[in-house]
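Enquirer: I'd like to ask some things about the structure below.
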Amino acid sequence: MAVSRRAVLRGGLTVTAVGALGATVPIAANAAGSRAAARPTMHGTADWGARPPNGTITVLDRKPTYIVVHHTAGGNSSDKSLEHAFEISRGIQNFHMDSRGWVDSGQQFTNSRGGHITEGRHRSLEVLDGGVQHVQGAHVGGHNSETIGIENEGLYTDVDVTPELWDSLVQLVAYMASQYGVTPDLIRGHRDFNATECPGTVLYGRLPELRDAVGAVLGTPVKPVRTWPLLKPGDSGPKVRAAQHLLRARGADVPADGVFGRATFDAAKALGADYQPCYASRVADESGFVGTPTWQLLVREVPATDPGEAGKAARVLLSANGRRVAANHVVDTAEWQRLLS
Ligand SMILES: [Zn+2]
């Protein structure tokens, strides 16, 4: 049933054109009242010669809440063939089973630079097609029961994805959102959960565009998403200084100098915020990055005039945002997030 839609969609059509497709292809409405997305071409584990899993694949009787975008942090290959996509699928599975000791590939799906989508963890494809259950993966520390993940081949810290990868990512995420009734604001990056660079600053920066593209396919409005910043060694400025004051408020021995050095990394790591590396992280250790889970541990409601370290952190950010401190001003979590964005 999906073959004709798939064939039509493979040309890398624009979002507008996909939307226009609704006029000629019968489109069912899902429970949320939005349009159903076309099913992209996806290659199952048997197609790429996966090893059998090393244990039980857990299938939860619930839908995932979030769709999570990753990058493999591996090489940015120029080989766009299907055979190469199969090869990286095998490489990831071997790495996850042999080096990480997992039962199977951690992610449910893999997307190659050539725009080829493969099934990662066994059963992910049939369960996604079913649209009511969730294959539990291993890709977001502390959140695997509520997240379905896509590993995108490559490293996107400084460079952009290929057009082919982008097109297949939009199609796959739209299909997932359609199958599970996930709204576009629940399309997130790995760094929205764990203290990690993943999915790379460039690809992460395109997530608003991805949400808009998926919203256009589904015909649903896109609510804005507020996120926490990622700070890492070498960064400097008021956000780093605020983080240092908040770490000092927790008893850490770090200088509040606004420069992210070793002491700041060690102190952030010691907090034990949720962390999980991706397939082949090129950063030696991202566990001391100050990211979403770190901020969630660090920030608390505080009067802006508080003489302690938390108050100092608040004033650093208020000042950086050109705000004056009023006598009765209390900084709550929502305001911390606004000041840090
Ligand atoms: Zn990741």
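Labeling convention for the structure tokens: chains A, B, ... as they appear, residues from 1 per chain, ligands from 1 in order of appearance.
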Please identify every polymer residue within 9 Å of ligand 1, using only C-alpha atoms and all ligand atoms, and present the set as a PyMOL selection string.
Expert: chain A and resi 68-73+139-140+149-151+189-191+194+196-200+276-279+281
Enquirer: Any idea what's packed within 12 Å of His122 (chain A), counting only C-alpha atoms, ignoring anything in its chain fewer than 3 positions away? Could you give it as a PyMOL selection string?
Expert: chain A and resi 43-59+89+93+103-109+118-119+125-128+134-137
Enquirer: Pull the strand (DSSP E) assignments for region 29-224 of chain A out of DSSP run on the backbone, and list those residues as JSON, numbers by chain.
Expert: {"A": [42, 43, 59, 60, 66, 67, 68, 69, 70, 71, 109, 110, 111, 117, 118, 119, 134, 135, 147, 148, 149, 150, 151, 152, 187, 188, 189]}
Enquirer: Next, dump the selected residues to file, keeping only C-alpha atoms, as an mmCIF file, in the first residue's frame.
Expert:
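Contents of the output file result-v9.cif:
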```cif
data_model
loop_
_atom_site.group_PDB
_atom_site.id
_atom_site.type_symbol
_atom_site.label_atom_id
_atom_site.label_comp_id
_atom_site.auth_asym_id
_atom_site.auth_seq_id
_atom_site.Cartn_x
_atom_site.Cartn_y
_atom_site.Cartn_z
ATOM 1 C CA MET A 42 12.893 1.491 5.243
ATOM 2 C CA HIS A 43 15.236 -1.487 5.148
ATOM 3 C CA VAL A 59 8.464 -4.141 23.520
ATOM 4 C CA LEU A 60 6.489 -1.741 25.700
ATOM 5 C CA TYR A 66 9.488 11.849 22.070
ATOM 6 C CA ILE A 67 11.278 11.376 18.751
ATOM 7 C CA VAL A 68 15.001 11.920 19.331
ATOM 8 C CA VAL A 69 17.552 12.960 16.692
ATOM 9 C CA HIS A 70 21.186 11.807 17.074
ATOM 10 C CA HIS A 71 24.340 11.925 15.016
ATOM 11 C CA PHE A 109 16.508 3.519 13.211
ATOM 12 C CA THR A 110 19.569 4.684 11.275
ATOM 13 C CA ASN A 111 19.617 7.288 8.508
ATOM 14 C CA ILE A 117 16.786 4.447 6.275
ATOM 15 C CA THR A 118 17.541 1.180 8.037
ATOM 16 C CA GLU A 119 16.036 -0.540 11.036
ATOM 17 C CA HIS A 134 7.380 0.899 21.440
ATOM 18 C CA VAL A 135 10.599 -1.102 21.080
ATOM 19 C CA THR A 147 11.990 7.940 23.354
ATOM 20 C CA ILE A 148 12.366 6.534 19.839
ATOM 21 C CA GLY A 149 15.733 7.418 18.305
ATOM 22 C CA ILE A 150 17.288 7.978 14.906
ATOM 23 C CA GLU A 151 21.075 7.784 14.470
ATOM 24 C CA ASN A 152 22.060 10.037 11.579
ATOM 25 C CA ILE A 187 10.743 16.173 18.234
ATOM 26 C CA ARG A 188 13.968 16.706 20.162
ATOM 27 C CA GLY A 189 17.730 16.293 20.029
#
```
Enquirer: From a DSSP calculation on the backbone, collect every residue of region 60-288 of chain A in helix (DSSP H, G or I) and output the set as number ranges by chain.
Expert: A: 82-99, 124-130, 163-180, 184-186, 190-192, 201-205, 207-218, 238-249, 262-270
Enquirer: Nearest to Asp129 (chain A) among A:Gly258, A:Ala249, A:Pro40, A:Tyr275, with distances taken over only C-alpha atoms: which residue is it?
Expert: A:Pro40
Enquirer: Contacts of Leu210 (chain A) at 9 Å or less, counting only C-alpha atoms, minus same-chain residues fewer than 3 places along, as JSON, numbers by chain?
Expert: {"A": [166, 169, 170, 173, 184, 187, 206, 207, 213, 214, 215]}
Enquirer: May I have the residues from that selection written out with N, CA, C and O atoms, as a short mmCIF file (atom, residue, chain, number, x, y, z; two decimals), in the first residue's frame?
Expert:
```cif
data_model
loop_
_atom_site.label_atom_id
_atom_site.label_comp_id
_atom_site.auth_asym_id
_atom_site.auth_seq_id
_atom_site.Cartn_x
_atom_site.Cartn_y
_atom_site.Cartn_z
N TRP A 166 18.77 14.90 4.96
CA TRP A 166 17.72 15.78 5.48
C TRP A 166 16.34 15.32 4.99
O TRP A 166 15.39 15.21 5.76
N LEU A 169 15.29 12.21 6.68
CA LEU A 169 15.01 12.48 8.10
C LEU A 169 13.61 13.07 8.26
O LEU A 169 12.84 12.65 9.13
N VAL A 170 13.28 14.04 7.41
CA VAL A 170 11.94 14.65 7.47
C VAL A 170 10.87 13.57 7.25
O VAL A 170 9.88 13.49 7.98
N VAL A 173 10.80 11.07 10.36
CA VAL A 173 10.24 11.70 11.57
C VAL A 173 8.75 11.97 11.38
O VAL A 173 7.94 11.76 12.28
N PRO A 184 4.81 18.01 16.76
CA PRO A 184 6.16 18.45 16.36
C PRO A 184 7.03 18.99 17.50
O PRO A 184 8.25 18.86 17.47
N ILE A 187 9.58 16.61 19.02
CA ILE A 187 10.74 16.17 18.23
C ILE A 187 11.95 16.87 18.86
O ILE A 187 12.03 18.10 18.88
N ARG A 206 18.99 22.92 13.38
CA ARG A 206 17.97 22.76 12.34
C ARG A 206 16.71 22.07 12.86
O ARG A 206 15.77 21.84 12.09
N LEU A 207 16.66 21.75 14.16
CA LEU A 207 15.48 21.07 14.68
C LEU A 207 14.21 21.91 14.57
O LEU A 207 13.13 21.38 14.28
N ALA A 213 8.82 21.41 9.18
CA ALA A 213 8.62 20.54 8.01
C ALA A 213 7.64 19.42 8.33
O ALA A 213 6.76 19.10 7.53
N VAL A 214 7.81 18.82 9.51
CA VAL A 214 6.91 17.73 9.92
C VAL A 214 5.50 18.28 10.15
O VAL A 214 4.51 17.67 9.75
N GLY A 215 5.42 19.46 10.77
CA GLY A 215 4.12 20.09 10.99
C GLY A 215 3.41 20.35 9.66
O GLY A 215 2.19 20.18 9.55
#
```
Enquirer: Got a sec: who's within 8 Å of Arg113 (chain A), counting only C-alpha atoms, leaving out chain neighbours fewer than 6 positions off, as JSON, numbers by chain?
Expert: {"A": [76, 77, 78, 79, 80, 152, 153, 154, 161, 162, 164, 165]}
Enquirer: Given only C-alpha atoms as the basis, pick out the residue of A:Arg121, A:Arg35, A:Arg262, A:Arg338 nearest to Thr183 (chain A).
Expert: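 Using only C-alpha atoms, Thr183 (chain A) sits closest to A:Arg35.
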Enquirer: Residues within 7 Å of Leu317 (chain A), please, as a PyMOL selection string. Count only C-alpha atoms; anything in the same chain fewer than 6 positions from it doesn't count.
Expert: chain A and resi 238-239+242+339
Enquirer: Next, dump the selected residues to file, keeping only N, CA, C and O atoms, as an mmCIF file, in the first residue's frame.
Expert:
```cif
data_model
loop_
_atom_site.group_PDB
_atom_site.id
_atom_site.type_symbol
_atom_site.label_atom_id
_atom_site.label_comp_id
_atom_site.auth_asym_id
_atom_site.auth_seq_id
_atom_site.Cartn_x
_atom_site.Cartn_y
_atom_site.Cartn_z
ATOM 1 N N PRO A 238 28.973 34.897 30.234
ATOM 2 C CA PRO A 238 28.089 34.947 31.405
ATOM 3 C C PRO A 238 27.352 33.646 31.712
ATOM 4 O O PRO A 238 27.112 33.355 32.886
ATOM 5 N N LYS A 239 27.009 32.862 30.682
ATOM 6 C CA LYS A 239 26.322 31.590 30.973
ATOM 7 C C LYS A 239 27.252 30.634 31.725
ATOM 8 O O LYS A 239 26.829 29.926 32.637
ATOM 9 N N ALA A 242 27.515 31.934 35.262
ATOM 10 C CA ALA A 242 26.308 31.584 36.022
ATOM 11 C C ALA A 242 26.357 30.117 36.446
ATOM 12 O O ALA A 242 26.046 29.778 37.594
ATOM 13 N N LEU A 339 16.388 33.348 30.607
ATOM 14 C CA LEU A 339 17.639 34.104 30.722
ATOM 15 C C LEU A 339 18.802 33.369 30.053
ATOM 16 O O LEU A 339 19.755 33.994 29.586
#
```
Enquirer: Which residues come within 10 Å of Trp228 (chain A), counting only C-alpha atoms, excluding same-chain residues fewer than 3 positions away, as a PDB file with C-alpha atoms, in the first residue's frame?
Expert:
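File written: result-v4.pdb
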```
ATOM      1  CA  ARG A 191      21.183  17.007  24.063  1.00  0.00           C
ATOM      2  CA  ASP A 192      17.678  17.942  25.255  1.00  0.00           C
ATOM      3  CA  PHE A 193      17.940  14.942  27.601  1.00  0.00           C
ATOM      4  CA  LEU A 231      28.210  24.528  27.675  1.00  0.00           C
ATOM      5  CA  VAL A 290      26.718  21.446  31.312  1.00  0.00           C
ATOM      6  CA  GLY A 291      23.558  20.508  29.445  1.00  0.00           C
ATOM      7  CA  THR A 292      19.831  20.042  29.938  1.00  0.00           C
ATOM      8  CA  PRO A 293      19.963  17.566  32.848  1.00  0.00           C
ATOM      9  CA  THR A 294      22.744  19.575  34.514  1.00  0.00           C
ATOM     10  CA  TRP A 295      20.738  22.817  34.445  1.00  0.00           C
ATOM     11  CA  GLN A 296      17.722  20.940  35.765  1.00  0.00           C
ATOM     12  CA  TRP A 336      16.208  30.771  34.387  1.00  0.00           C
ATOM     13  CA  GLN A 337      15.468  29.099  31.058  1.00  0.00           C
ATOM     14  CA  ARG A 338      14.518  32.388  29.383  1.00  0.00           C
ATOM     15  CA  LEU A 339      17.639  34.104  30.722  1.00  0.00           C
ATOM     16  CA  LEU A 340      19.822  31.243  29.458  1.00  0.00           C
ATOM     17  CA  SER A 341      18.296  31.025  25.977  1.00  0.00           C
TER      18      SER A 341
END
```
Enquirer: Which distance in Å separates CA of Val159 (chain A) and CA of Thr201 (chain A), to one decimal?
Expert: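 Rounded to one decimal, the two atoms are 8.8 Å apart.
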Enquirer: May I have the residues within 8 Å of Gly234 (chain A) as a ChimeraX atom specification, using only C-alpha atoms and disregarding those fewer than 4 positions away in the same chain?
Expert: /A:259-261
Enquirer: Please write the residues from the selection above to a file, keeping N, CA, C and O atoms, as a PDB file, in the first residue's frame.
Expert:
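Now in again_28.pdb:
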```
ATOM      1  N   VAL A 259      35.127  31.089  32.530  1.00  0.00           N
ATOM      2  CA  VAL A 259      35.866  30.279  31.551  1.00  0.00           C
ATOM      3  C   VAL A 259      35.684  28.802  31.906  1.00  0.00           C
ATOM      4  O   VAL A 259      35.979  28.383  33.026  1.00  0.00           O
ATOM      5  N   PHE A 260      35.191  28.010  30.941  1.00  0.00           N
ATOM      6  CA  PHE A 260      34.907  26.594  31.199  1.00  0.00           C
ATOM      7  C   PHE A 260      36.205  25.798  31.146  1.00  0.00           C
ATOM      8  O   PHE A 260      36.689  25.435  30.086  1.00  0.00           O
ATOM      9  N   GLY A 261      36.770  25.533  32.320  1.00  0.00           N
ATOM     10  CA  GLY A 261      38.017  24.780  32.403  1.00  0.00           C
ATOM     11  C   GLY A 261      37.802  23.427  33.056  1.00  0.00           C
ATOM     12  O   GLY A 261      36.673  22.972  33.242  1.00  0.00           O
TER      13      GLY A 261
END
```
Enquirer: Measuring between only C-alpha atoms, which one of A:Ala313, A:Ala85, A:Ile92, A:Val330 shows the shortest distance to Leu246 (chain A)?
Expert: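 Going through A:Ala313, A:Ala85, A:Ile92, A:Val330 one by one, the smallest distance to Leu246 (chain A) is for A:Ala313.
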Enquirer: Go through A:Ala36, A:Leu298, A:Leu203, A:Ser236 one by one, measure the shortest atom-to-atom distance of each to Leu155 (chain A) using only C-alpha atoms, and give the residue with the smallest value.
Expert: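 Nearest to Leu155 (chain A): A:Leu203.
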